[in-house]
>>> print(open('protein_37.cif').read())   # mmCIF, C-alpha atoms and all ligand atoms
data_query
#
loop_
_atom_site.label_atom_id
_atom_site.label_comp_id
_atom_site.auth_asym_id
_atom_site.auth_seq_id
_atom_site.Cartn_x
_atom_site.Cartn_y
_atom_site.Cartn_z
CA MET A 26 183.73 -19.07 55.18
CA LEU A 27 183.56 -17.75 58.75
CA SER A 28 186.00 -18.99 61.41
CA LYS A 29 183.25 -19.99 63.88
CA LYS A 30 180.53 -22.45 62.95
CA SER A 31 177.90 -20.68 65.08
CA ILE A 32 177.22 -16.99 65.73
CA ILE A 33 176.20 -16.64 69.37
CA GLY A 34 177.64 -13.21 70.13
CA ILE A 35 179.64 -10.40 68.55
CA ASP A 36 182.90 -11.92 69.80
CA ASP A 37 182.36 -14.81 67.36
CA LEU A 38 183.20 -12.43 64.50
CA SER A 39 186.54 -10.74 63.75
CA VAL A 40 186.68 -7.23 62.26
CA GLU A 41 187.56 -8.80 58.88
CA GLU A 42 184.58 -11.14 59.12
CA VAL A 43 182.23 -8.27 60.03
CA ASN A 44 183.45 -6.40 56.94
CA LYS A 45 182.92 -9.55 54.87
CA VAL A 46 179.29 -9.78 56.09
CA LEU A 47 178.72 -6.11 55.20
CA ILE A 48 180.20 -6.51 51.70
CA HIS A 49 178.05 -9.59 50.99
CA ALA A 50 175.00 -7.75 52.34
CA ASP A 51 175.44 -5.21 49.52
CA SER A 52 175.03 -7.98 46.92
CA PHE A 53 172.01 -9.44 48.70
CA LEU A 54 170.42 -6.00 49.07
CA GLU A 55 170.64 -5.73 45.31
CA VAL A 56 168.89 -9.14 44.99
CA SER A 57 166.11 -7.90 47.29
CA LYS A 58 165.48 -4.95 44.96
CA ARG A 59 165.03 -7.13 41.87
CA ASP A 60 161.70 -8.06 40.40
CA VAL A 61 162.49 -11.73 41.09
CA LYS A 62 163.99 -11.60 44.59
CA LYS A 63 165.55 -15.04 44.65
CA VAL A 64 168.91 -16.72 44.04
CA PRO A 65 169.55 -20.50 44.08
CA THR A 66 172.51 -20.24 46.51
CA LEU A 67 171.12 -22.41 49.34
CA ARG A 68 168.86 -24.70 47.34
CA GLY A 69 168.53 -28.03 49.16
CA LYS A 70 169.45 -26.59 52.60
CA THR A 71 166.95 -26.61 55.46
CA ILE A 72 166.87 -23.97 58.18
CA ALA A 73 164.88 -24.18 61.44
CA ASN A 74 163.63 -20.88 62.84
CA LEU A 75 163.07 -21.73 66.52
CA PHE A 76 161.40 -18.92 68.45
CA PHE A 77 160.70 -19.53 72.12
CA GLU A 78 159.98 -15.80 72.62
CA PRO A 79 157.81 -13.39 70.57
CA SER A 80 159.29 -11.71 67.51
CA THR A 81 158.08 -9.96 64.39
CA ARG A 82 161.17 -8.49 62.74
CA THR A 83 163.85 -11.09 63.42
CA LYS A 84 161.67 -14.12 62.73
CA THR A 85 160.19 -12.85 59.47
CA SER A 86 163.54 -11.42 58.41
CA PHE A 87 165.28 -14.81 58.78
CA GLU A 88 162.37 -16.46 56.97
CA ILE A 89 162.50 -14.05 54.03
CA ALA A 90 166.31 -14.25 53.95
CA ALA A 91 166.22 -18.07 53.79
CA LYS A 92 163.51 -18.08 51.11
CA ARG A 93 165.36 -15.52 48.96
CA LEU A 94 168.37 -17.86 49.08
CA SER A 95 166.08 -20.77 48.03
CA ALA A 96 166.55 -22.65 51.33
CA ASP A 97 163.64 -24.48 52.95
CA ILE A 98 162.63 -23.08 56.33
CA ILE A 99 160.64 -24.55 59.20
CA ASN A 100 159.07 -21.99 61.51
CA PHE A 101 158.70 -23.17 65.08
CA SER A 102 156.98 -21.13 67.81
CA ALA A 103 156.81 -22.31 71.41
CA GLN A 104 153.16 -21.30 71.52
CA GLY A 105 151.01 -24.13 70.19
CA SER A 106 153.92 -26.64 70.25
CA SER A 107 154.38 -29.81 72.32
CA LEU A 108 156.30 -27.69 74.85
CA GLU A 109 152.83 -26.80 76.10
CA LYS A 110 152.29 -30.52 76.76
CA GLY A 111 155.42 -30.63 78.89
CA GLU A 112 158.02 -31.67 76.29
CA SER A 113 161.51 -30.43 77.20
CA ILE A 114 163.35 -27.97 74.96
CA PHE A 115 166.03 -30.63 74.23
CA ASP A 116 163.42 -33.19 73.16
CA THR A 117 161.78 -30.54 70.98
CA LEU A 118 165.16 -29.81 69.45
CA LYS A 119 165.92 -33.51 68.90
CA THR A 120 162.59 -33.87 67.09
CA ILE A 121 163.35 -30.97 64.78
CA LEU A 122 166.93 -32.10 64.12
CA ALA A 123 165.63 -35.55 63.19
CA MET A 124 164.17 -33.83 60.10
CA ASN A 125 167.73 -33.31 58.79
CA VAL A 126 168.03 -29.59 59.40
CA ASP A 127 171.26 -27.79 58.33
CA LEU A 128 171.13 -24.70 60.56
CA VAL A 129 169.17 -23.51 63.58
CA VAL A 130 168.15 -19.92 64.30
CA ILE A 131 167.11 -19.60 67.93
CA ARG A 132 165.50 -16.96 70.13
CA HIS A 133 165.02 -17.70 73.81
CA SER A 134 164.33 -15.64 76.93
CA ASP A 135 167.24 -17.23 78.86
CA CYS A 136 170.75 -15.78 78.59
CA GLY A 137 173.06 -18.52 77.32
CA ALA A 138 170.32 -20.65 75.72
CA ALA A 139 171.78 -20.27 72.21
CA LYS A 140 175.29 -21.16 73.42
CA LEU A 141 174.04 -24.19 75.34
CA ILE A 142 172.20 -25.48 72.30
CA SER A 143 175.17 -24.84 69.98
CA GLU A 144 177.33 -26.94 72.32
CA ASN A 145 174.90 -29.83 72.16
CA ILE A 146 174.19 -30.11 68.45
CA ASN A 147 176.59 -30.48 65.54
CA ILE A 148 175.04 -28.01 63.09
CA PRO A 149 175.49 -24.20 63.06
CA VAL A 150 173.37 -22.06 65.38
CA ILE A 151 172.58 -18.36 64.96
CA ASN A 152 171.49 -16.52 68.08
CA ALA A 153 168.37 -14.45 67.29
CA GLY A 154 168.35 -13.00 70.84
CA ASP A 155 168.91 -14.70 74.20
CA GLY A 156 167.49 -12.88 77.20
CA LYS A 157 169.45 -9.75 78.08
CA HIS A 158 172.64 -11.23 76.65
CA GLN A 159 173.21 -10.84 72.88
CA HIS A 160 171.40 -10.14 69.59
CA PRO A 161 174.26 -10.29 67.08
CA THR A 162 172.25 -10.06 63.85
CA GLN A 163 170.51 -6.92 65.15
CA ALA A 164 173.92 -5.35 65.81
CA LEU A 165 175.14 -6.31 62.33
CA LEU A 166 172.08 -4.79 60.66
CA ASP A 167 172.47 -1.68 62.80
CA LEU A 168 176.11 -1.38 61.76
CA TYR A 169 175.13 -1.91 58.12
CA THR A 170 172.48 0.85 58.41
CA ILE A 171 175.20 3.21 59.69
CA LYS A 172 177.53 2.18 56.86
CA LYS A 173 174.87 2.79 54.22
CA LYS A 174 174.31 6.28 55.61
CA PHE A 175 177.88 7.42 56.39
CA ASP A 176 180.02 5.05 54.29
CA SER A 177 182.89 5.10 56.83
CA PHE A 178 182.85 4.55 60.60
CA LYS A 179 185.82 6.86 61.17
CA GLY A 180 185.08 9.70 63.60
CA LEU A 181 181.41 8.73 63.97
CA LYS A 182 179.68 9.43 67.28
CA VAL A 183 176.81 7.19 68.37
CA ALA A 184 174.72 7.72 71.51
CA ILE A 185 172.77 4.70 72.78
CA VAL A 186 169.86 5.90 74.87
CA GLY A 187 167.64 4.19 77.47
CA ASP A 188 167.28 0.76 79.04
CA ILE A 189 170.85 -0.59 78.86
CA LEU A 190 170.33 -2.97 81.80
CA ASN A 191 167.68 -5.13 80.13
CA SER A 192 168.82 -4.77 76.52
CA ARG A 193 170.63 -7.46 74.50
CA VAL A 194 170.64 -4.99 71.60
CA ALA A 195 172.65 -2.51 73.70
CA ARG A 196 175.22 -5.16 74.66
CA SER A 197 175.69 -6.34 71.08
CA ASP A 198 175.67 -2.84 69.55
CA ILE A 199 178.15 -1.38 72.04
CA GLU A 200 180.53 -4.29 71.48
CA LEU A 201 180.25 -4.21 67.69
CA PHE A 202 180.35 -0.43 67.27
CA LYS A 203 183.46 -0.16 69.46
CA LYS A 204 185.08 -3.04 67.61
CA MET A 205 184.61 -1.14 64.34
CA GLY A 206 186.10 2.09 65.76
CA ILE A 207 182.88 4.05 66.40
CA ASP A 208 182.80 6.42 69.38
CA VAL A 209 179.97 5.24 71.69
CA THR A 210 178.29 7.21 74.49
CA ILE A 211 175.55 5.82 76.69
CA VAL A 212 172.66 7.99 77.86
CA SER A 213 170.78 6.42 80.75
CA CYS A 214 170.08 6.62 84.47
CA PRO A 215 171.48 4.49 87.34
CA MET A 216 168.33 2.34 87.53
CA LEU A 217 168.61 1.37 83.89
CA LEU A 218 172.33 0.59 83.98
CA PRO A 219 174.14 -2.59 85.15
CA ASP A 220 175.83 -2.41 88.58
CA SER A 221 179.25 -2.43 86.99
CA MET A 222 179.89 -0.56 83.77
CA ASP A 223 183.66 -1.26 83.80
CA TYR A 224 183.47 -3.93 81.12
CA ILE A 225 181.55 -1.60 78.84
CA ASN A 226 184.05 1.26 79.25
CA VAL A 227 182.19 4.08 77.50
CA GLU A 228 181.23 7.62 78.48
CA ILE A 229 177.88 7.85 80.30
CA LYS A 230 175.50 10.83 80.23
CA ASP A 231 172.22 11.16 82.08
CA SER A 232 170.23 13.31 79.64
CA ILE A 233 169.68 13.15 75.92
CA ASP A 234 170.16 16.95 75.89
CA ASP A 235 173.87 16.40 76.69
CA VAL A 236 174.43 14.70 73.32
CA ILE A 237 171.58 15.67 71.00
CA ASP A 238 173.48 18.30 68.94
CA LYS A 239 176.76 16.34 68.83
CA VAL A 240 175.96 12.81 67.69
CA ASP A 241 175.78 11.34 64.19
CA VAL A 242 173.52 8.51 65.32
CA LEU A 243 170.96 8.66 68.10
CA TYR A 244 170.14 5.03 68.90
CA MET A 245 166.95 4.86 70.96
CA LEU A 246 166.58 1.58 72.86
CA ARG A 247 163.25 -0.05 73.53
CA MET A 248 162.05 0.02 77.14
CA GLN A 249 162.15 -3.74 77.81
CA PHE A 250 158.99 -3.93 79.94
CA GLU A 251 158.80 -7.71 79.32
CA ARG A 252 162.22 -8.16 80.98
CA GLN A 253 161.62 -5.78 83.89
CA ASP A 254 160.59 -7.54 87.07
CA LYS A 255 160.05 -4.21 88.87
CA LYS A 256 159.35 -0.58 88.02
CA PHE A 257 162.66 0.88 86.79
CA TYR A 258 161.54 4.47 86.29
CA PRO A 259 159.33 6.69 88.48
CA SER A 260 157.00 7.76 85.65
CA ILE A 261 156.76 8.11 81.88
CA ARG A 262 156.85 11.89 82.36
CA GLU A 263 160.19 11.59 84.13
CA TYR A 264 161.50 9.26 81.40
CA ASN A 265 160.37 11.71 78.72
CA LYS A 266 162.18 14.54 80.50
CA PHE A 267 165.63 12.93 80.22
CA LEU A 268 165.59 9.97 77.84
CA SER A 269 162.95 10.44 75.12
CA LEU A 270 163.11 11.87 71.64
CA ASP A 271 160.51 14.54 70.93
CA ILE A 272 160.15 16.99 68.07
CA ASN A 273 162.11 19.79 69.78
CA ARG A 274 165.05 17.48 70.36
CA LEU A 275 164.83 16.10 66.81
CA LYS A 276 165.14 19.65 65.46
CA LYS A 277 168.34 20.19 67.48
CA MET A 278 170.13 17.25 65.83
CA LYS A 279 172.94 17.80 63.32
CA LEU A 280 171.79 18.06 59.71
CA SER A 281 173.39 14.76 58.65
CA SER A 282 172.50 12.83 61.82
CA VAL A 283 170.03 9.94 62.02
CA VAL A 284 167.74 8.22 64.53
CA MET A 285 167.67 4.45 64.94
CA HIS A 286 165.58 2.05 67.02
CA PRO A 287 165.54 -1.79 66.98
CA GLY A 288 161.73 -1.91 67.19
CA PRO A 289 159.06 -2.40 68.23
CA VAL A 290 158.86 1.25 69.37
CA ASN A 291 156.87 2.09 72.51
CA ARG A 292 155.33 5.27 71.07
CA GLY A 293 155.30 8.10 73.58
CA ILE A 294 158.06 6.51 75.66
CA GLU A 295 161.33 6.21 73.71
CA ILE A 296 160.07 8.32 70.78
CA SER A 297 157.09 10.66 70.76
CA GLU A 298 154.02 9.94 68.66
CA GLU A 299 154.68 13.23 66.82
CA VAL A 300 158.19 12.17 65.78
CA MET A 301 157.00 8.69 64.77
CA SER A 302 154.36 10.15 62.43
CA ILE A 303 156.45 13.04 61.11
CA SER A 304 156.64 13.74 57.37
CA GLY A 305 158.86 15.92 55.17
CA LYS A 306 162.60 16.52 55.50
CA LEU A 307 162.86 15.62 59.20
CA ALA A 308 161.28 12.22 58.51
CA GLU A 309 164.42 11.34 56.53
CA LYS A 310 166.27 11.24 59.84
CA LEU A 311 164.37 8.14 60.90
CA GLU A 312 166.22 5.00 59.78
CA ILE A 313 163.87 2.55 61.51
CA GLU A 314 162.32 1.09 58.34
CA ASN A 315 165.71 0.98 56.59
CA GLN A 316 167.01 -1.08 59.53
CA VAL A 317 164.33 -3.68 58.81
CA THR A 318 165.10 -3.70 55.06
CA TYR A 319 168.84 -4.03 55.68
CA GLY A 320 168.19 -6.79 58.22
CA VAL A 321 167.11 -9.16 55.43
CA ALA A 322 170.30 -8.48 53.44
CA ILE A 323 172.48 -8.98 56.53
CA ARG A 324 170.79 -12.28 57.40
CA MET A 325 171.08 -13.47 53.78
CA ALA A 326 174.81 -12.66 53.93
CA LEU A 327 175.25 -14.52 57.21
CA LEU A 328 173.30 -17.60 56.06
CA TYR A 329 175.32 -17.64 52.84
CA LEU A 330 178.67 -17.30 54.65
CA ILE A 331 177.78 -20.10 57.08
CA LEU A 332 176.01 -22.54 54.74
CA GLY A 333 177.04 -21.51 51.24
N1 LIG W 1 164.49 -5.94 66.88
C1 LIG W 1 163.89 -7.12 67.21
O1 LIG W 1 164.55 -8.07 67.65
O2 LIG W 1 162.55 -7.15 66.98
P1 LIG W 1 161.61 -8.42 67.16
O3 LIG W 1 161.49 -8.70 68.63
O4 LIG W 1 160.30 -8.03 66.52
O5 LIG W 1 162.28 -9.58 66.45
#
>>> encode(input="protein_37.cif", output="structure tokens")
Amino acid sequence: MLSKKSIIGIDDLSVEEVNKVLIHADSFLEVSKRDVKKVPTLRGKTIANLFFEPSTRTKTSFEIAAKRLSADIINFSAQGSSLEKGESIFDTLKTILAMNVDLVVIRHSDCGAAKLISENINIPVINAGDGKHQHPTQALLDLYTIKKKFDSFKGLKVAIVGDILNSRVARSDIELFKKMGIDVTIVSCPMLLPDSMDYINVEIKDSIDDVIDKVDVLYMLRMQFERQDKKFYPSIREYNKFLSLDINRLKKMKLSSVVMHPGPVNRGIEISEEVMSISGKLAEKLEIENQVTYGVAIRMALLYLILG
């Protein structure tokens, strides 16, 4: 039901297919709200969740999505596997495929790992994040979160703030948001940007204060310390001065605007502790938990459209 067998990056989906995923996500969100959160759609199918890099949200989200569709799921983590005994990733994969798996979800720290694997096996592959390259299901759930809040993408302004250089979420979000007609601005500093920004082709600002009262969505990126091989910013204080969301900045945002973050949040870096633990009306601006909820519906939709 999708033109490509595997979803490695955003360019594997047309605008029509993205809309199809969003529409199906609505039905699966409804399933997730029922008392019995299960449909028989993928009964008899087996999905392998292969995580060669840590994850909480994506891994559990795919697992819950598969189970709610009645598929069987194998969870594989590199830690504690035969990889630690020197087995190669391809031999590990061959072993898992020998168990008659129908679809592979893969996260790996190397850019291109998901594509390489998809080219070497004959079942669908979904990229759950490969290095700094792509995280397509995160972008889809982010887009869905925006749709649930604003209904239409027309005229919407999104600012993506922080560590663009090391972020697969930034690459996938920018590509998907632009594809769907959303106006994207980047807020970052030269050290956290790629050498060439030509292929991204969006406006760049160097302080969150330049956009805070104008945007509909403030998308705070995680500082990817695990992918930084050197110190990219002089100090946290300096980062906070230009690129962090604190309570004063939150109060300057438009009434209808929202804050998003892919998680896990580095409290006190991208978003202040005070904002993260806020209650009352301003707390409604934070969409971070909704992103996680919508992620299950998006992954159910994708699994259904690929395997159903
Ligand atoms: N957003 C995201 O990919 O989170 P995890 O690393 O917890 O999966």
>>> residues_near_ligand(input="protein_37.cif", ligand="ligand LIG 1 (chain W)", cutoff="9 Å", atoms="only C-alpha atoms and all ligand atoms", output="PDB file with C-alpha atoms, in the coordinates of the input")
ATOM      1  CA  GLU A  78     159.980 -15.800  72.620  1.00  0.00           C
ATOM      2  CA  PRO A  79     157.810 -13.390  70.570  1.00  0.00           C
ATOM      3  CA  SER A  80     159.290 -11.710  67.510  1.00  0.00           C
ATOM      4  CA  THR A  81     158.080  -9.960  64.390  1.00  0.00           C
ATOM      5  CA  ARG A  82     161.170  -8.490  62.740  1.00  0.00           C
ATOM      6  CA  THR A  83     163.850 -11.090  63.420  1.00  0.00           C
ATOM      7  CA  LYS A  84     161.670 -14.120  62.730  1.00  0.00           C
ATOM      8  CA  THR A  85     160.190 -12.850  59.470  1.00  0.00           C
ATOM      9  CA  SER A  86     163.540 -11.420  58.410  1.00  0.00           C
ATOM     10  CA  ARG A 132     165.500 -16.960  70.130  1.00  0.00           C
ATOM     11  CA  ALA A 153     168.370 -14.450  67.290  1.00  0.00           C
ATOM     12  CA  GLY A 154     168.350 -13.000  70.840  1.00  0.00           C
ATOM     13  CA  HIS A 160     171.400 -10.140  69.590  1.00  0.00           C
ATOM     14  CA  THR A 162     172.250 -10.060  63.850  1.00  0.00           C
ATOM     15  CA  GLN A 163     170.510  -6.920  65.150  1.00  0.00           C
ATOM     16  CA  VAL A 194     170.640  -4.990  71.600  1.00  0.00           C
ATOM     17  CA  ARG A 247     163.250  -0.050  73.530  1.00  0.00           C
ATOM     18  CA  HIS A 286     165.580   2.050  67.020  1.00  0.00           C
ATOM     19  CA  PRO A 287     165.540  -1.790  66.980  1.00  0.00           C
ATOM     20  CA  GLY A 288     161.730  -1.910  67.190  1.00  0.00           C
ATOM     21  CA  PRO A 289     159.060  -2.400  68.230  1.00  0.00           C
ATOM     22  CA  VAL A 317     164.330  -3.680  58.810  1.00  0.00           C
TER      23      VAL A 317
END
>>> residues_around(input="protein_37.cif", residues="Val283 in chain A", least_positions_apart="5", cutoff="8 Å", atoms="only C-alpha atoms", output="list in words")
Asp241, Val242, Leu243, Glu309, Lys310, Leu311 and Glu312 of chain A
>>> residues_around(input="protein_37.cif", residues="Val150 in chain A", least_positions_apart="5", cutoff="8 Å", atoms="all atoms listed in the file", output="VMD selection string")
chain A and resid 30 to 33 128 to 131 139 142 to 143
>>> write_last_selection(input="protein_37.cif", atoms="C-alpha atoms", output="mmCIF file, in the coordinates of the input")
data_model
loop_
_atom_site.group_PDB
_atom_site.id
_atom_site.type_symbol
_atom_site.label_atom_id
_atom_site.label_comp_id
_atom_site.auth_asym_id
_atom_site.auth_seq_id
_atom_site.Cartn_x
_atom_site.Cartn_y
_atom_site.Cartn_z
ATOM 1 C CA LYS A 30 180.530 -22.450 62.950
ATOM 2 C CA SER A 31 177.900 -20.680 65.080
ATOM 3 C CA ILE A 32 177.220 -16.990 65.730
ATOM 4 C CA ILE A 33 176.200 -16.640 69.370
ATOM 5 C CA LEU A 128 171.130 -24.700 60.560
ATOM 6 C CA VAL A 129 169.170 -23.510 63.580
ATOM 7 C CA VAL A 130 168.150 -19.920 64.300
ATOM 8 C CA ILE A 131 167.110 -19.600 67.930
ATOM 9 C CA ALA A 139 171.780 -20.270 72.210
ATOM 10 C CA ILE A 142 172.200 -25.480 72.300
ATOM 11 C CA SER A 143 175.170 -24.840 69.980
#
>>> closest_residue(input="protein_37.cif", among="A:Gly137, A:Gly305, A:Ala90, A:Ile331", to="Lys45 in chain A", atoms="only C-alpha atoms")
A:Ile331
>>> residues_around(input="protein_37.cif", residues="range 218-235 of chain A", least_positions_apart="3", cutoff="12 Å", atoms="all atoms listed in the file", output="ChimeraX atom specification")
/A:157,182-192,195-204,207-215,238-240,243-245,257-258,263-271,273-278,295-296
>>> closest_residue(input="protein_37.cif", among="A:Val321, A:Ile272, A:Val236, A:Leu94", to="Val64 in chain A", atoms="only C-alpha atoms")
A:Leu94
>>> decode(input="protein_37.cif", residues="range 133-169 of chain A", atoms="C-alpha atoms", output="mmCIF file, in the first residue's frame")
data_model
loop_
_atom_site.group_PDB
_atom_site.id
_atom_site.type_symbol
_atom_site.label_atom_id
_atom_site.label_comp_id
_atom_site.auth_asym_id
_atom_site.auth_seq_id
_atom_site.Cartn_x
_atom_site.Cartn_y
_atom_site.Cartn_z
ATOM 1 C CA HIS A 133 22.175 1.738 14.280
ATOM 2 C CA SER A 134 24.816 4.360 15.038
ATOM 3 C CA ASP A 135 26.196 4.283 11.459
ATOM 4 C CA CYS A 136 24.663 6.487 8.758
ATOM 5 C CA GLY A 137 23.472 4.243 5.932
ATOM 6 C CA ALA A 138 23.198 1.065 8.041
ATOM 7 C CA ALA A 139 19.434 0.759 7.472
ATOM 8 C CA LYS A 140 19.822 1.263 3.707
ATOM 9 C CA LEU A 141 22.646 -1.266 3.489
ATOM 10 C CA ILE A 142 20.587 -3.870 5.314
ATOM 11 C CA SER A 143 17.473 -3.162 3.220
ATOM 12 C CA GLU A 144 19.545 -3.786 0.078
ATOM 13 C CA ASN A 145 20.719 -7.140 1.381
ATOM 14 C CA ILE A 146 17.496 -8.710 2.623
ATOM 15 C CA ASN A 147 14.206 -9.262 0.827
ATOM 16 C CA ILE A 148 11.780 -8.170 3.541
ATOM 17 C CA PRO A 149 10.759 -4.576 4.415
ATOM 18 C CA VAL A 150 13.026 -2.501 6.664
ATOM 19 C CA ILE A 151 12.006 0.542 8.720
ATOM 20 C CA ASN A 152 14.799 2.863 9.773
ATOM 21 C CA ALA A 153 14.440 3.662 13.488
ATOM 22 C CA GLY A 154 17.433 6.046 13.342
ATOM 23 C CA ASP A 155 20.811 5.654 11.631
ATOM 24 C CA GLY A 156 23.593 7.837 13.004
ATOM 25 C CA LYS A 157 23.174 11.499 12.081
ATOM 26 C CA HIS A 158 21.306 10.581 8.902
ATOM 27 C CA GLN A 159 17.543 9.967 9.212
ATOM 28 C CA HIS A 160 14.796 9.116 11.722
ATOM 29 C CA PRO A 161 11.702 9.008 9.491
ATOM 30 C CA THR A 162 9.168 7.700 12.027
ATOM 31 C CA GLN A 163 10.150 10.480 14.454
ATOM 32 C CA ALA A 164 9.486 13.048 11.711
ATOM 33 C CA LEU A 165 6.115 11.455 10.907
ATOM 34 C CA LEU A 166 5.037 11.505 14.550
ATOM 35 C CA ASP A 167 6.224 15.104 14.842
ATOM 36 C CA LEU A 168 4.206 16.063 11.775
ATOM 37 C CA TYR A 169 1.183 14.218 13.175
#
